[in-house]
Amino acid sequence: MIDFEKLRREGKTVIYKETETNEQPSGWEFWGEFQTPEEHKYVWRKIVTFEEAKQYELEQEPFN
């Protein structure tokens, strides 16, 4: 179990990423998977600083 309060005090948080294959992205930890009739996704997590989380969020936004 992740202690989110402790992470916050350390200036860290958790980010999540979904993939369509179970190939582990470098630096990411397997967290779980979900499946619907239409899709099967693998979910990965990574503990990062707040700054890294913000950068990851910006990189995930679609370009307008």
# chains A, B, ... in the order shown; residues from 1 in each chain; ligands from 1
>>> select_by_dssp(residues="chain A", states="strand (DSSP E or B)", output="compact mmCIF listing (two decimals) with all heavy atoms, in the first residue's frame")
# COMPACT_ATOMS: atom_id res chain seq x y z
N LYS A 12 6.66 14.04 -3.59
CA LYS A 12 6.45 13.04 -4.63
C LYS A 12 4.99 12.66 -4.76
O LYS A 12 4.18 12.94 -3.88
CB LYS A 12 7.27 11.78 -4.30
CG LYS A 12 8.76 12.05 -4.28
CD LYS A 12 9.52 10.79 -3.95
CE LYS A 12 11.03 11.08 -3.91
NZ LYS A 12 11.77 9.89 -3.49
N THR A 13 4.68 12.00 -5.87
CA THR A 13 3.34 11.51 -6.14
C THR A 13 3.45 10.29 -7.05
O THR A 13 4.55 9.89 -7.42
CB THR A 13 2.46 12.62 -6.76
OG1 THR A 13 1.10 12.16 -6.81
CG2 THR A 13 2.94 13.01 -8.15
N VAL A 14 2.32 9.74 -7.43
CA VAL A 14 2.30 8.57 -8.30
C VAL A 14 1.63 8.94 -9.62
O VAL A 14 0.59 9.61 -9.61
CB VAL A 14 1.55 7.38 -7.65
CG1 VAL A 14 1.52 6.18 -8.58
CG2 VAL A 14 2.16 7.02 -6.32
N ILE A 15 2.23 8.53 -10.72
CA ILE A 15 1.60 8.71 -12.02
C ILE A 15 1.28 7.33 -12.58
O ILE A 15 1.90 6.34 -12.19
CB ILE A 15 2.48 9.52 -13.00
CG1 ILE A 15 3.85 8.87 -13.21
CG2 ILE A 15 2.61 10.96 -12.53
CD1 ILE A 15 4.71 9.56 -14.26
N TYR A 16 0.30 7.28 -13.46
CA TYR A 16 -0.15 6.02 -14.03
C TYR A 16 -0.12 6.10 -15.54
O TYR A 16 -0.28 7.16 -16.12
CB TYR A 16 -1.58 5.71 -13.56
CG TYR A 16 -1.66 5.54 -12.06
CD1 TYR A 16 -1.91 6.63 -11.23
CD2 TYR A 16 -1.49 4.30 -11.49
CE1 TYR A 16 -1.97 6.48 -9.86
CE2 TYR A 16 -1.54 4.13 -10.12
CZ TYR A 16 -1.79 5.22 -9.30
OH TYR A 16 -1.84 5.07 -7.95
N LYS A 17 0.07 4.93 -16.15
CA LYS A 17 0.15 4.84 -17.61
C LYS A 17 -0.54 3.55 -18.03
O LYS A 17 -0.38 2.52 -17.39
CB LYS A 17 1.63 4.80 -18.00
CG LYS A 17 1.92 4.56 -19.44
CD LYS A 17 3.43 4.49 -19.63
CE LYS A 17 3.81 4.76 -21.05
NZ LYS A 17 5.23 5.05 -21.20
N GLU A 18 -1.32 3.61 -19.11
CA GLU A 18 -1.97 2.43 -19.65
C GLU A 18 -1.29 2.02 -20.95
O GLU A 18 -0.89 2.88 -21.73
CB GLU A 18 -3.44 2.71 -19.97
CG GLU A 18 -4.28 3.04 -18.77
CD GLU A 18 -5.70 3.39 -19.14
OE1 GLU A 18 -6.05 3.36 -20.35
OE2 GLU A 18 -6.49 3.69 -18.23
N THR A 19 -1.15 0.70 -21.15
CA THR A 19 -0.62 0.19 -22.41
C THR A 19 -1.51 -0.94 -22.90
O THR A 19 -2.28 -1.53 -22.13
CB THR A 19 0.83 -0.34 -22.25
OG1 THR A 19 0.84 -1.43 -21.33
CG2 THR A 19 1.77 0.75 -21.78
N GLU A 29 6.32 0.33 -12.78
CA GLU A 29 5.95 -0.86 -12.03
C GLU A 29 4.55 -1.30 -12.44
O GLU A 29 3.64 -0.47 -12.56
CB GLU A 29 5.98 -0.52 -10.54
CG GLU A 29 5.47 -1.61 -9.64
CD GLU A 29 5.35 -1.16 -8.19
OE1 GLU A 29 5.21 0.06 -7.92
OE2 GLU A 29 5.39 -2.03 -7.32
N PHE A 30 4.36 -2.61 -12.63
CA PHE A 30 3.03 -3.12 -12.98
C PHE A 30 2.08 -2.88 -11.81
O PHE A 30 2.40 -3.18 -10.66
CB PHE A 30 3.09 -4.62 -13.31
CG PHE A 30 1.77 -5.21 -13.67
CD1 PHE A 30 1.17 -4.89 -14.88
CD2 PHE A 30 1.12 -6.05 -12.79
CE1 PHE A 30 -0.07 -5.43 -15.21
CE2 PHE A 30 -0.11 -6.60 -13.11
CZ PHE A 30 -0.70 -6.28 -14.33
N TRP A 31 0.91 -2.34 -12.10
CA TRP A 31 -0.06 -2.03 -11.05
C TRP A 31 -1.31 -2.89 -11.19
O TRP A 31 -1.93 -3.27 -10.22
CB TRP A 31 -0.41 -0.55 -11.09
CG TRP A 31 -1.30 -0.12 -9.97
CD1 TRP A 31 -1.00 -0.12 -8.64
CD2 TRP A 31 -2.63 0.35 -10.07
NE1 TRP A 31 -2.06 0.33 -7.91
CE2 TRP A 31 -3.09 0.63 -8.77
CE3 TRP A 31 -3.50 0.57 -11.13
CZ2 TRP A 31 -4.36 1.12 -8.51
CZ3 TRP A 31 -4.76 1.07 -10.88
CH2 TRP A 31 -5.18 1.33 -9.58
N GLY A 32 -1.72 -3.19 -12.42
CA GLY A 32 -2.91 -4.01 -12.62
C GLY A 32 -3.33 -4.00 -14.07
O GLY A 32 -2.62 -3.51 -14.95
N GLU A 33 -4.47 -4.58 -14.32
CA GLU A 33 -5.00 -4.58 -15.68
C GLU A 33 -6.51 -4.56 -15.61
O GLU A 33 -7.10 -4.87 -14.58
CB GLU A 33 -4.51 -5.80 -16.46
CG GLU A 33 -4.89 -7.14 -15.88
CD GLU A 33 -4.24 -8.28 -16.64
OE1 GLU A 33 -4.63 -8.53 -17.78
OE2 GLU A 33 -3.36 -8.93 -16.04
N PHE A 34 -7.12 -4.14 -16.69
CA PHE A 34 -8.58 -4.18 -16.77
C PHE A 34 -8.98 -4.62 -18.15
O PHE A 34 -8.26 -4.44 -19.13
CB PHE A 34 -9.22 -2.85 -16.38
CG PHE A 34 -8.95 -1.71 -17.34
CD1 PHE A 34 -9.80 -1.47 -18.40
CD2 PHE A 34 -7.86 -0.88 -17.15
CE1 PHE A 34 -9.56 -0.43 -19.28
CE2 PHE A 34 -7.61 0.17 -18.02
CZ PHE A 34 -8.46 0.39 -19.09
N GLN A 35 -10.15 -5.23 -18.21
CA GLN A 35 -10.62 -5.75 -19.48
C GLN A 35 -12.12 -5.51 -19.59
O GLN A 35 -12.87 -5.71 -18.64
CB GLN A 35 -10.33 -7.25 -19.55
CG GLN A 35 -10.60 -7.86 -20.89
CD GLN A 35 -10.05 -9.27 -20.98
OE1 GLN A 35 -9.44 -9.79 -20.04
NE2 GLN A 35 -10.26 -9.91 -22.10
N HIS A 40 -8.47 -4.49 -23.65
CA HIS A 40 -7.71 -5.07 -22.55
C HIS A 40 -6.50 -4.17 -22.34
O HIS A 40 -5.68 -4.01 -23.25
CB HIS A 40 -7.27 -6.49 -22.91
CG HIS A 40 -6.61 -7.21 -21.78
ND1 HIS A 40 -6.23 -8.51 -21.88
CD2 HIS A 40 -6.26 -6.83 -20.52
CE1 HIS A 40 -5.67 -8.91 -20.75
NE2 HIS A 40 -5.68 -7.89 -19.92
N LYS A 41 -6.39 -3.56 -21.18
CA LYS A 41 -5.31 -2.60 -20.90
C LYS A 41 -4.51 -3.05 -19.69
O LYS A 41 -5.04 -3.64 -18.75
CB LYS A 41 -5.88 -1.21 -20.61
CG LYS A 41 -6.65 -0.59 -21.73
CD LYS A 41 -5.74 -0.02 -22.76
CE LYS A 41 -6.56 0.70 -23.81
NZ LYS A 41 -5.79 1.49 -24.70
N TYR A 42 -3.22 -2.74 -19.73
CA TYR A 42 -2.32 -2.96 -18.61
C TYR A 42 -2.00 -1.60 -18.01
O TYR A 42 -1.81 -0.63 -18.73
CB TYR A 42 -1.04 -3.66 -19.10
CG TYR A 42 -1.35 -5.03 -19.67
CD1 TYR A 42 -1.70 -5.17 -21.01
CD2 TYR A 42 -1.33 -6.15 -18.86
CE1 TYR A 42 -2.01 -6.41 -21.53
CE2 TYR A 42 -1.64 -7.40 -19.38
CZ TYR A 42 -1.98 -7.53 -20.72
OH TYR A 42 -2.30 -8.76 -21.23
N VAL A 43 -1.95 -1.55 -16.68
CA VAL A 43 -1.75 -0.28 -16.00
C VAL A 43 -0.44 -0.33 -15.22
O VAL A 43 -0.16 -1.29 -14.50
CB VAL A 43 -2.92 0.04 -15.05
CG1 VAL A 43 -2.74 1.41 -14.40
CG2 VAL A 43 -4.25 -0.02 -15.80
N TRP A 44 0.35 0.72 -15.40
CA TRP A 44 1.67 0.83 -14.78
C TRP A 44 1.70 2.07 -13.90
O TRP A 44 0.98 3.03 -14.14
CB TRP A 44 2.73 0.94 -15.88
CG TRP A 44 2.59 -0.15 -16.89
CD1 TRP A 44 1.82 -0.09 -18.02
CD2 TRP A 44 3.14 -1.44 -16.86
NE1 TRP A 44 1.89 -1.28 -18.69
CE2 TRP A 44 2.71 -2.14 -18.01
CE3 TRP A 44 4.01 -2.11 -15.97
CZ2 TRP A 44 3.08 -3.45 -18.28
CZ3 TRP A 44 4.39 -3.40 -16.26
CH2 TRP A 44 3.92 -4.06 -17.40
N ARG A 45 2.55 2.06 -12.88
CA ARG A 45 2.68 3.23 -12.03
C ARG A 45 4.15 3.54 -11.77
O ARG A 45 5.02 2.67 -11.90
CB ARG A 45 1.94 3.05 -10.71
CG ARG A 45 2.55 2.02 -9.81
CD ARG A 45 1.74 1.86 -8.56
NE ARG A 45 2.33 0.82 -7.70
CZ ARG A 45 1.76 0.34 -6.64
NH1 ARG A 45 0.57 0.78 -6.27
NH2 ARG A 45 2.35 -0.59 -5.91
N LYS A 46 4.37 4.79 -11.39
CA LYS A 46 5.73 5.26 -11.15
C LYS A 46 5.68 6.36 -10.11
O LYS A 46 4.83 7.25 -10.19
CB LYS A 46 6.28 5.80 -12.47
CG LYS A 46 7.72 6.22 -12.47
CD LYS A 46 8.06 6.78 -13.85
CE LYS A 46 9.43 6.48 -14.30
NZ LYS A 46 9.75 7.10 -15.58
N ILE A 47 6.57 6.30 -9.13
CA ILE A 47 6.67 7.36 -8.12
C ILE A 47 7.64 8.40 -8.67
O ILE A 47 8.77 8.07 -9.05
CB ILE A 47 7.15 6.80 -6.77
CG1 ILE A 47 6.10 5.83 -6.23
CG2 ILE A 47 7.41 7.94 -5.79
CD1 ILE A 47 6.51 5.10 -4.97
N VAL A 48 7.17 9.64 -8.71
CA VAL A 48 7.97 10.73 -9.28
C VAL A 48 7.80 11.99 -8.42
O VAL A 48 6.91 12.07 -7.58
CB VAL A 48 7.53 11.05 -10.73
CG1 VAL A 48 7.75 9.86 -11.65
CG2 VAL A 48 6.07 11.49 -10.78
N THR A 49 8.65 12.98 -8.68
CA THR A 49 8.49 14.27 -8.02
C THR A 49 7.27 14.98 -8.61
O THR A 49 6.80 14.64 -9.68
CB THR A 49 9.73 15.16 -8.22
OG1 THR A 49 9.85 15.45 -9.61
CG2 THR A 49 11.00 14.49 -7.70
>>> select_by_dssp(residues="chain A", states="alpha helix (DSSP H)", output="list of chain:residue names")
A:Phe4, A:Glu5, A:Lys6, A:Leu7, A:Arg8, A:Arg9, A:Phe50, A:Glu51, A:Glu52, A:Ala53, A:Lys54, A:Gln55, A:Tyr56, A:Glu57, A:Leu58, A:Glu59, A:Gln60
>>> atom_distance(atom1="atom CA of Ala53 of chain A", atom2="atom CA of Thr36 of chain A")
27.9 Å
>>> closest_residue(among="A:Phe50, A:Glu39, A:Glu57, A:Pro62", to="Arg8 of chain A", atoms="only C-alpha atoms")
A:Phe50
